[in-house]
Amino acid sequence: MTIFPTAGIDYALCLTASLTYDGETEKFEDTFKDEEVKYTNGDLSQLWIKFGLGMDYTLSGNLFLRPQLLYGIGFANKFSSDQVKEMKDNLVGNGSDVKVESVLSHGLSVKVAIGYKL
């Protein structure tokens, strides 16, 4: 059995999506046109930094099991950053004292693989 640290970068690539608002659905095919801003599918993609632990456990001969536990931190994409900015502008413009801020995404990834040593 071998335990090892892991770290890496993950890019969650968005190829297609849709937005439903007030009962109307609009697809983010090539572009999505907001009243003032034009978005593409790539504006929904997100960069993650991940770190954690992995383990190689020998099952028999050259066959091994590799479980991994990773904690990730995701950075805001253009679409969500613009939505937070718009909410801030609207609330401040209406005299509201509600605090609106963007936060980092985070979460766990659990992976299990079977490998064979050549």
# chains A, B, ... in the order shown; residues from 1 in each chain; ligands from 1
call {"tool": "select_by_dssp", "arguments": {"residues": "chain A", "states": "alpha helix (DSSP H)", "output": "list in words"}}
result
Lys78, Phe79, Ser80, Ser81, Asp82, Gln83, Val84, Lys85, Glu86, Met87, Lys88, Asp89, Asn90, Leu91, Val92 and Gly93 of chain A
call {"tool": "write_last_selection", "arguments": {"atoms": "C-alpha atoms", "output": "PDB file, in the first residue's frame"}}
result
ATOM      1  CA  LYS A  78     -17.639  35.463 -16.223  1.00  0.00           C
ATOM      2  CA  PHE A  79     -21.381  34.820 -16.187  1.00  0.00           C
ATOM      3  CA  SER A  80     -21.699  34.462 -12.387  1.00  0.00           C
ATOM      4  CA  SER A  81     -19.341  37.413 -11.746  1.00  0.00           C
ATOM      5  CA  ASP A  82     -21.465  39.627 -13.999  1.00  0.00           C
ATOM      6  CA  GLN A  83     -24.671  38.468 -12.270  1.00  0.00           C
ATOM      7  CA  VAL A  84     -23.260  39.408  -8.840  1.00  0.00           C
ATOM      8  CA  LYS A  85     -22.129  42.798 -10.175  1.00  0.00           C
ATOM      9  CA  GLU A  86     -25.597  43.439 -11.620  1.00  0.00           C
ATOM     10  CA  MET A  87     -27.278  42.519  -8.303  1.00  0.00           C
ATOM     11  CA  LYS A  88     -24.936  44.843  -6.411  1.00  0.00           C
ATOM     12  CA  ASP A  89     -25.641  47.716  -8.808  1.00  0.00           C
ATOM     13  CA  ASN A  90     -29.420  47.193  -8.585  1.00  0.00           C
ATOM     14  CA  LEU A  91     -29.498  46.919  -4.790  1.00  0.00           C
ATOM     15  CA  VAL A  92     -27.223  49.900  -4.168  1.00  0.00           C
ATOM     16  CA  GLY A  93     -29.207  51.923  -6.725  1.00  0.00           C
TER      17      GLY A  93
END
call {"tool": "atom_distance", "arguments": {"atom1": "CA of Thr25 in chain A", "atom2": "CA of Leu44 in chain A"}}
result
16.4 Å
call {"tool": "residues_around", "arguments": {"residues": "Gly107 in chain A", "least_positions_apart": "5", "cutoff": "10 Å", "atoms": "only C-alpha atoms", "output": "PyMOL selection string"}}
result
chain A and resi 50+70-74
call {"tool": "atom_distance", "arguments": {"atom1": "CA of Gly61 in chain A", "atom2": "CA of Phe4 in chain A"}}
result
20.4 Å
call {"tool": "residues_around", "arguments": {"residues": "Leu13 in chain A", "least_positions_apart": "5", "cutoff": "7 Å", "atoms": "only C-alpha atoms", "output": "list of chain:residue names"}}
result
A:Gly42, A:Ser45, A:Gln46
call {"tool": "atom_distance", "arguments": {"atom1": "CA of Pro67 in chain A", "atom2": "CA of Leu53 in chain A"}}
result
8.6 Å
call {"tool": "select_by_dssp", "arguments": {"residues": "chain A", "states": "strand (DSSP E or B)", "output": "tab-separated table (two decimals) with N, CA and C atoms, in the first residue's frame"}}
result
chain	number	residue	atom	x	y	z
A	2	THR	N	0.57	2.19	-0.87
A	2	THR	CA	1.31	3.44	-0.95
A	2	THR	C	0.34	4.60	-0.86
A	3	ILE	N	0.58	5.54	0.04
A	3	ILE	CA	-0.25	6.74	0.18
A	3	ILE	C	0.57	7.92	-0.35
A	4	PHE	N	-0.08	8.79	-1.14
A	4	PHE	CA	0.64	9.91	-1.74
A	4	PHE	C	-0.24	11.15	-1.81
A	5	PRO	N	0.38	12.35	-1.77
A	5	PRO	CA	-0.39	13.59	-1.93
A	5	PRO	C	-0.69	13.83	-3.41
A	6	THR	N	-1.76	14.52	-3.68
A	6	THR	CA	-2.11	14.87	-5.06
A	6	THR	C	-2.48	16.36	-5.12
A	7	ALA	N	-2.25	16.97	-6.25
A	7	ALA	CA	-2.63	18.35	-6.50
A	7	ALA	C	-2.79	18.52	-7.99
A	8	GLY	N	-3.66	19.41	-8.38
A	8	GLY	CA	-3.84	19.62	-9.80
A	8	GLY	C	-4.82	20.73	-10.11
A	9	ILE	N	-4.98	20.95	-11.40
A	9	ILE	CA	-5.90	21.96	-11.90
A	9	ILE	C	-6.94	21.25	-12.75
A	10	ASP	N	-8.19	21.64	-12.59
A	10	ASP	CA	-9.29	21.07	-13.35
A	10	ASP	C	-10.03	22.22	-14.02
A	11	TYR	N	-10.36	22.07	-15.27
A	11	TYR	CA	-11.12	23.10	-15.99
A	11	TYR	C	-12.45	22.50	-16.40
A	12	ALA	N	-13.53	22.97	-15.81
A	12	ALA	CA	-14.87	22.49	-16.13
A	12	ALA	C	-15.35	23.24	-17.38
A	18	SER	N	-28.50	26.15	-21.05
A	18	SER	CA	-29.66	26.98	-21.31
A	18	SER	C	-30.03	27.70	-20.03
A	19	LEU	N	-30.73	28.81	-20.18
A	19	LEU	CA	-31.15	29.63	-19.05
A	19	LEU	C	-32.67	29.77	-19.12
A	20	THR	N	-33.36	29.44	-18.02
A	20	THR	CA	-34.80	29.60	-17.95
A	20	THR	C	-35.12	30.70	-16.95
A	21	TYR	N	-35.84	31.70	-17.40
A	21	TYR	CA	-36.19	32.83	-16.55
A	21	TYR	C	-37.59	33.28	-16.92
A	24	GLU	N	-39.38	31.39	-19.75
A	24	GLU	CA	-38.78	31.37	-21.09
A	24	GLU	C	-37.39	30.76	-21.01
A	25	THR	N	-37.09	29.88	-21.96
A	25	THR	CA	-35.78	29.22	-22.00
A	25	THR	C	-35.01	29.70	-23.21
A	26	GLU	N	-33.76	30.09	-22.98
A	26	GLU	CA	-32.88	30.49	-24.07
A	26	GLU	C	-31.60	29.68	-23.97
A	27	LYS	N	-31.19	29.08	-25.08
A	27	LYS	CA	-29.98	28.25	-25.08
A	27	LYS	C	-28.74	29.10	-25.26
A	31	THR	N	-23.90	31.92	-28.73
A	31	THR	CA	-23.90	33.11	-27.88
A	31	THR	C	-25.25	33.25	-27.21
A	32	PHE	N	-25.27	33.89	-26.08
A	32	PHE	CA	-26.49	34.22	-25.36
A	32	PHE	C	-26.48	35.73	-25.20
A	33	LYS	N	-27.52	36.38	-25.67
A	33	LYS	CA	-27.54	37.84	-25.64
A	33	LYS	C	-28.38	38.31	-24.48
A	38	LYS	N	-23.13	40.10	-24.13
A	38	LYS	CA	-23.22	38.92	-24.97
A	38	LYS	C	-22.35	37.83	-24.35
A	39	TYR	N	-22.93	36.66	-24.04
A	39	TYR	CA	-22.21	35.57	-23.40
A	39	TYR	C	-22.02	34.41	-24.38
A	40	THR	N	-20.96	33.65	-24.18
A	40	THR	CA	-20.75	32.42	-24.95
A	40	THR	C	-20.72	31.26	-23.96
A	46	GLN	N	-15.43	26.87	-15.76
A	46	GLN	CA	-14.90	27.24	-14.45
A	46	GLN	C	-13.57	26.54	-14.17
A	47	LEU	N	-12.64	27.29	-13.61
A	47	LEU	CA	-11.32	26.78	-13.23
A	47	LEU	C	-11.34	26.33	-11.77
A	48	TRP	N	-10.80	25.12	-11.52
A	48	TRP	CA	-10.72	24.55	-10.18
A	48	TRP	C	-9.27	24.22	-9.84
A	49	ILE	N	-8.89	24.43	-8.59
A	49	ILE	CA	-7.61	23.95	-8.06
A	49	ILE	C	-7.96	22.87	-7.04
A	50	LYS	N	-7.34	21.69	-7.19
A	50	LYS	CA	-7.68	20.55	-6.32
A	50	LYS	C	-6.43	19.98	-5.65
A	51	PHE	N	-6.62	19.49	-4.43
A	51	PHE	CA	-5.53	18.84	-3.70
A	51	PHE	C	-6.13	17.81	-2.76
A	52	GLY	N	-5.32	16.81	-2.41
A	52	GLY	CA	-5.82	15.77	-1.53
A	52	GLY	C	-4.85	14.62	-1.41
A	53	LEU	N	-5.41	13.42	-1.19
A	53	LEU	CA	-4.62	12.21	-1.00
A	53	LEU	C	-5.09	11.10	-1.93
A	54	GLY	N	-4.13	10.28	-2.32
A	54	GLY	CA	-4.43	9.09	-3.10
A	54	GLY	C	-3.74	7.90	-2.47
A	55	MET	N	-4.16	6.70	-2.86
A	55	MET	CA	-3.56	5.49	-2.31
A	55	MET	C	-3.55	4.41	-3.39
A	56	ASP	N	-2.43	3.73	-3.52
A	56	ASP	CA	-2.35	2.55	-4.37
A	56	ASP	C	-2.38	1.33	-3.47
A	57	TYR	N	-3.34	0.44	-3.70
A	57	TYR	CA	-3.48	-0.77	-2.90
A	57	TYR	C	-3.38	-1.96	-3.84
A	58	THR	N	-2.34	-2.77	-3.67
A	58	THR	CA	-2.12	-3.93	-4.54
A	58	THR	C	-3.18	-4.99	-4.28
A	59	LEU	N	-3.87	-5.39	-5.36
A	59	LEU	CA	-4.90	-6.43	-5.24
A	59	LEU	C	-4.28	-7.81	-5.46
A	60	SER	N	-3.51	-7.94	-6.55
A	60	SER	CA	-2.81	-9.19	-6.81
A	60	SER	C	-1.82	-8.96	-7.96
A	63	LEU	N	-2.03	-5.96	-10.52
A	63	LEU	CA	-3.32	-5.28	-10.44
A	63	LEU	C	-3.41	-4.48	-9.13
A	64	PHE	N	-3.82	-3.21	-9.24
A	64	PHE	CA	-3.95	-2.39	-8.03
A	64	PHE	C	-5.20	-1.53	-8.08
A	65	LEU	N	-5.64	-1.10	-6.91
A	65	LEU	CA	-6.79	-0.22	-6.74
A	65	LEU	C	-6.27	1.14	-6.31
A	66	ARG	N	-6.79	2.23	-6.92
A	66	ARG	CA	-6.33	3.58	-6.59
A	66	ARG	C	-7.51	4.47	-6.22
A	67	PRO	N	-7.86	4.56	-4.92
A	67	PRO	CA	-8.86	5.55	-4.49
A	67	PRO	C	-8.19	6.91	-4.28
A	68	GLN	N	-8.94	7.99	-4.52
A	68	GLN	CA	-8.44	9.34	-4.29
A	68	GLN	C	-9.54	10.18	-3.66
A	69	LEU	N	-9.14	11.07	-2.77
A	69	LEU	CA	-10.04	12.03	-2.16
A	69	LEU	C	-9.44	13.41	-2.39
A	70	LEU	N	-10.17	14.27	-3.11
A	70	LEU	CA	-9.67	15.59	-3.48
A	70	LEU	C	-10.62	16.67	-3.00
A	71	TYR	N	-10.07	17.74	-2.47
A	71	TYR	CA	-10.85	18.92	-2.12
A	71	TYR	C	-10.54	19.98	-3.17
A	72	GLY	N	-11.58	20.60	-3.72
A	72	GLY	CA	-11.38	21.57	-4.78
A	72	GLY	C	-11.95	22.93	-4.45
A	73	ILE	N	-11.29	23.95	-4.99
A	73	ILE	CA	-11.74	25.33	-4.89
A	73	ILE	C	-11.96	25.84	-6.30
A	74	GLY	N	-13.18	26.29	-6.61
A	74	GLY	CA	-13.52	26.76	-7.94
A	74	GLY	C	-13.65	28.27	-7.98
A	105	SER	N	-16.38	28.63	-5.15
A	105	SER	CA	-17.05	27.32	-5.07
A	105	SER	C	-16.08	26.36	-4.39
A	106	HIS	N	-16.60	25.33	-3.78
A	106	HIS	CA	-15.71	24.32	-3.19
A	106	HIS	C	-16.47	23.01	-3.07
A	107	GLY	N	-15.71	21.93	-2.95
A	107	GLY	CA	-16.35	20.64	-2.80
A	107	GLY	C	-15.36	19.49	-2.88
A	108	LEU	N	-15.85	18.30	-2.55
A	108	LEU	CA	-15.03	17.09	-2.55
A	108	LEU	C	-15.25	16.28	-3.82
A	109	SER	N	-14.19	15.64	-4.27
A	109	SER	CA	-14.25	14.67	-5.36
A	109	SER	C	-13.72	13.35	-4.81
A	110	VAL	N	-14.45	12.28	-5.04
A	110	VAL	CA	-14.00	10.95	-4.64
A	110	VAL	C	-13.85	10.14	-5.93
A	111	LYS	N	-12.69	9.55	-6.12
A	111	LYS	CA	-12.40	8.79	-7.33
A	111	LYS	C	-11.88	7.41	-6.95
A	112	VAL	N	-12.21	6.42	-7.76
A	112	VAL	CA	-11.68	5.08	-7.59
A	112	VAL	C	-11.31	4.54	-8.97
A	113	ALA	N	-10.10	3.99	-9.10
A	113	ALA	CA	-9.66	3.44	-10.38
A	113	ALA	C	-9.00	2.09	-10.13
A	114	ILE	N	-9.00	1.28	-11.16
A	114	ILE	CA	-8.27	0.01	-11.14
A	114	ILE	C	-7.16	0.13	-12.16
A	115	GLY	N	-5.92	-0.21	-11.76
A	115	GLY	CA	-4.78	-0.10	-12.65
A	115	GLY	C	-4.03	-1.40	-12.79
A	116	TYR	N	-3.20	-1.45	-13.81
A	116	TYR	CA	-2.38	-2.61	-14.07
A	116	TYR	C	-0.95	-2.15	-14.37
